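Everything on this sheet refers to the single structure shown next.
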Amino acid sequence: MPRSAGPVEERHGVPLGSLDDELFDGAGATKRDLVDHVEAAADRLLPELAGRPLTVVRVRPGQRPFVQKNLPASAPPWVAVREVWSEASHRTVRYPLVEDVRTLVWLAGQRAVELHPTVLDGEGRASRLVLDLDPPEGAGADAVVAAARLVRAALDDAGLASAVKTSGAKGLHVVVPVRGLAVEDAAAATRALAARAERLGPEVATTAYLLADRGGRVFLDPTRAGGGTLACAWSPRVRPGTPVSWPLGWEDLDGWAPGHPSLREAAALLAGRAAGEDPWRAALPDPQAVPATLVAEGRTIPPPRAAAMHEGRRRARARRAAEADGPDPLDQPGPGPTP
């Protein structure tokens, strides 16, 4: 998509060009719409982002969206940075921190559409448990809502309060603020909650990590816990129509339609709210202590990726054995008792 040579405007001291170009193919919105949104939602976005290392999803004309963690060298010197050692890549990552409207506007000018702050606090401990409800292809909102209610029931049984928001895509996020929890404990507690919700409605929801094993059910994804990131409330998403992750009351789930509100719809909704009104902050309960029994239960459940990896290897062995017209020895029963 060719870029226009429109005039450069300045907002909050940030020069911005190409504001009337479409944000990305199928966005149904312009770069100006994105900048307008982060300005209008700044008093709601900043509490979600402040102090949290940020990963963004950017788009460039004619290119595929890409994830960016490292702050580029071309960033203004006033953008705050937190350096974090990455064990995965064995390097220090310079994450941006969003502490003011100016930084929000600069990121929007860079076409940073999605804002994914970490769920860790400033001391590297988990401050939120998150279950990401991912529906199967072709499922309606009713399936996701039913799964969300299972999760809420599991949380109620554990004595934990929660809030719910749209993912900005097809699913929902159930968020549980907690008092600083070790990353491993947060991941374990989230696995236990997913397993409990699955047991409440196995025909509706599943913890199966492999797509082939989900059987048309909603996936209760616990992998956002701990060191993961999450598209925060009020963040747009790189999806057709540019939907926005939006807070919902538990009582409002039946009226939810995936993909709404869009970036342009969000502008009207934000304009209709009183200054300083933030339904997401109002919905979030105070941080809570996580029951030790929940953490202990989760420690007995393998992390989804590890379980899927072992299952994938087992199935590969079975396929090879079948192709060789021989049984997989690992699938055979052990020796019986000695007479």
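Chain labels A, B, ... are given in the sequence in which chains occur in the structure tokens; within each chain residues are numbered consecutively from 1, and ligands are likewise numbered from 1 in the order shown.
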Select from range 181-298 of chain A every residue with an atom at most 12 Å from any atom of range 16-36 of chain A, then for each give the shortest pair of atoms and their distance in Å to one decimal, using only C-alpha atoms, rows by chain and rising number, as a tab-separated table.
```
residue	atom	partner	partner_atom	distance
A:Trp234	CA	A:Leu34	CA	11.4
A:Ser235	CA	A:Leu34	CA	10.0
A:Pro236	CA	A:Leu34	CA	8.2
A:Arg237	CA	A:Ala27	CA	9.6
A:Val238	CA	A:Ala27	CA	7.6
A:Arg239	CA	A:Ala27	CA	7.0
A:Pro240	CA	A:Gly26	CA	5.1
A:Gly241	CA	A:Ala27	CA	4.7
A:Thr242	CA	A:Ala27	CA	5.2
A:Pro243	CA	A:Ala27	CA	8.9
A:Val244	CA	A:Leu34	CA	10.7
A:Gly259	CA	A:Ala27	CA	11.9
A:Ser262	CA	A:Gly28	CA	8.6
A:Leu263	CA	A:Ala29	CA	7.0
A:Arg264	CA	A:Ala29	CA	6.9
A:Glu265	CA	A:Ala29	CA	10.4
A:Ala266	CA	A:Asp33	CA	10.1
A:Ala267	CA	A:Asp36	CA	7.9
A:Ala268	CA	A:Asp36	CA	11.3
A:Leu270	CA	A:Asp36	CA	10.9
A:Ala271	CA	A:Asp36	CA	11.2
```
For C-alpha atoms, I'd like the residues from the last selection saved as a PDB file, in the first residue's frame.
```pdb
ATOM      1  CA  TRP A 234      -8.378  -0.562  25.686  1.00  0.00           C
ATOM      2  CA  SER A 235      -5.692  -1.921  23.324  1.00  0.00           C
ATOM      3  CA  PRO A 236      -6.617  -2.196  19.621  1.00  0.00           C
ATOM      4  CA  ARG A 237      -5.842  -5.446  17.831  1.00  0.00           C
ATOM      5  CA  VAL A 238      -4.486  -6.146  14.350  1.00  0.00           C
ATOM      6  CA  ARG A 239      -7.652  -7.808  13.101  1.00  0.00           C
ATOM      7  CA  PRO A 240     -10.154  -6.893  10.379  1.00  0.00           C
ATOM      8  CA  GLY A 241     -11.978  -3.777  11.511  1.00  0.00           C
ATOM      9  CA  THR A 242      -9.372  -3.122  14.254  1.00  0.00           C
ATOM     10  CA  PRO A 243     -11.390  -4.271  17.271  1.00  0.00           C
ATOM     11  CA  VAL A 244     -10.460  -3.015  20.737  1.00  0.00           C
ATOM     12  CA  GLY A 259     -15.031  -7.989  16.988  1.00  0.00           C
ATOM     13  CA  SER A 262     -14.023  -1.447  16.519  1.00  0.00           C
ATOM     14  CA  LEU A 263     -11.498   1.362  16.795  1.00  0.00           C
ATOM     15  CA  ARG A 264     -13.989   3.837  15.354  1.00  0.00           C
ATOM     16  CA  GLU A 265     -16.841   2.515  17.518  1.00  0.00           C
ATOM     17  CA  ALA A 266     -14.605   2.856  20.568  1.00  0.00           C
ATOM     18  CA  ALA A 267     -14.157   6.565  19.890  1.00  0.00           C
ATOM     19  CA  ALA A 268     -17.885   7.182  20.247  1.00  0.00           C
ATOM     20  CA  LEU A 270     -15.213   6.790  25.029  1.00  0.00           C
ATOM     21  CA  ALA A 271     -16.677  10.174  24.148  1.00  0.00           C
TER      22      ALA A 271
END
```
Report task. May I have the residues within 12 Å of range 200-211 of chain A as a PyMOL selection string, using only C-alpha atoms and disregarding those fewer than 5 positions away in the same chain? Result -> chain A and resi 131-137+139+142-155+157+190-195+216-223+301-312+315
Query raised in the report: Which residues come within 6 Å of Asn70 in chain A, counting only C-alpha atoms, excluding same-chain residues fewer than 2 positions away, as JSON, numbers by chain?
Result: {"A": [68, 93, 94, 95]}
Requested in this report: Quick one: pull the distance between CA of Glu198 in chain A and CA of Ser245 in chain A, Å, one decimal.
Outcome: 24.6 Å
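Near range 246-257 of chain A, within a cut-off of 7 Å and counting only C-alpha atoms, sit the residues Ala141, Val145, Val164, Lys165, Thr166, Gly168, Ala233, Trp234, Pro279 and Trp280 of chain A, with same-chain residues fewer than 6 positions away left out.
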Restricted to N, CA and C atoms, what would the selected residues look like written as a short mmCIF file (atom, residue, chain, number, x, y, z; two decimals), in the first residue's frame?
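Saved file again-v4.cif follows:
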```
data_model
loop_
_atom_site.label_atom_id
_atom_site.label_comp_id
_atom_site.auth_asym_id
_atom_site.auth_seq_id
_atom_site.Cartn_x
_atom_site.Cartn_y
_atom_site.Cartn_z
N ALA A 141 -20.35 -16.57 19.96
CA ALA A 141 -20.06 -15.95 21.25
C ALA A 141 -20.62 -16.76 22.40
N VAL A 145 -18.87 -17.45 26.06
CA VAL A 145 -19.54 -16.98 27.27
C VAL A 145 -19.77 -18.14 28.23
N VAL A 164 -13.71 -9.49 33.67
CA VAL A 164 -13.67 -10.07 32.33
C VAL A 164 -13.65 -8.96 31.30
N LYS A 165 -12.91 -9.20 30.22
CA LYS A 165 -12.86 -8.25 29.11
C LYS A 165 -12.77 -9.03 27.81
N THR A 166 -13.07 -8.37 26.72
CA THR A 166 -12.88 -9.00 25.42
C THR A 166 -11.39 -9.06 25.12
N GLY A 168 -10.35 -8.64 22.21
CA GLY A 168 -10.17 -7.83 21.02
C GLY A 168 -10.13 -8.68 19.77
N ALA A 233 -6.57 -4.06 28.45
CA ALA A 233 -7.84 -3.39 28.21
C ALA A 233 -7.57 -2.08 27.49
N TRP A 234 -8.41 -1.77 26.52
CA TRP A 234 -8.38 -0.56 25.69
C TRP A 234 -7.37 -0.65 24.55
N PRO A 279 -14.38 1.91 33.67
CA PRO A 279 -15.09 0.70 34.10
C PRO A 279 -14.17 -0.49 34.34
N TRP A 280 -13.02 -0.53 33.69
CA TRP A 280 -12.11 -1.65 33.91
C TRP A 280 -11.49 -1.58 35.30
#
```
Query raised in the report: Any idea what the distance is between CA of Ala212 in chain A and CA of Arg196 in chain A?
Result: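 Value for the CA of Ala212 in chain A-CA of Arg196 in chain A distance: 21.4 Å.
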Report task. Tell me, as a list in words, which residues lie within 10 Å of Arg281 in chain A, counting only C-alpha atoms; anything in the same chain fewer than 2 positions away does not count. Result ->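 Using only C-alpha atoms, the neighbours found are Arg44, Pro47, Glu48, Ala163, Ala233, Pro247, Glu277, Asp278, Pro279, Ala283, Leu284, Pro285 and Asp286 of chain A.
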File of the preceding selection, N, CA and C atoms, as a compact mmCIF listing (two decimals), in the first residue's frame:
```
# COMPACT_ATOMS: atom_id res chain seq x y z
N ARG A 44 -7.14 5.81 30.86
CA ARG A 44 -7.47 4.42 31.15
C ARG A 44 -6.31 3.49 30.80
N PRO A 47 -2.85 3.46 33.50
CA PRO A 47 -2.78 2.56 34.66
C PRO A 47 -2.50 1.11 34.28
N GLU A 48 -2.89 0.71 33.06
CA GLU A 48 -2.63 -0.65 32.61
C GLU A 48 -1.17 -0.86 32.22
N ALA A 163 -12.39 -10.19 36.94
CA ALA A 163 -13.04 -9.29 35.98
C ALA A 163 -12.86 -9.89 34.60
N ALA A 233 -6.57 -4.06 28.45
CA ALA A 233 -7.84 -3.39 28.21
C ALA A 233 -7.57 -2.08 27.49
N PRO A 247 -13.56 -3.78 28.37
CA PRO A 247 -14.09 -4.38 29.60
C PRO A 247 -15.57 -4.66 29.50
N GLU A 277 -13.95 8.35 34.12
CA GLU A 277 -14.68 7.10 34.34
C GLU A 277 -13.90 5.94 33.71
N ASP A 278 -13.63 4.92 34.49
CA ASP A 278 -12.85 3.78 34.01
C ASP A 278 -13.51 2.49 34.48
N PRO A 279 -14.38 1.91 33.67
CA PRO A 279 -15.09 0.70 34.10
C PRO A 279 -14.17 -0.49 34.34
N ALA A 283 -14.05 -2.53 37.78
CA ALA A 283 -14.42 -3.95 37.80
C ALA A 283 -13.35 -4.83 38.44
N LEU A 284 -12.08 -4.42 38.34
CA LEU A 284 -11.00 -5.24 38.87
C LEU A 284 -11.07 -5.29 40.40
N PRO A 285 -11.12 -6.48 40.98
CA PRO A 285 -11.09 -6.57 42.45
C PRO A 285 -9.70 -6.21 42.98
N ASP A 286 -9.62 -5.98 44.26
CA ASP A 286 -8.32 -5.74 44.89
C ASP A 286 -7.47 -7.01 44.80
```
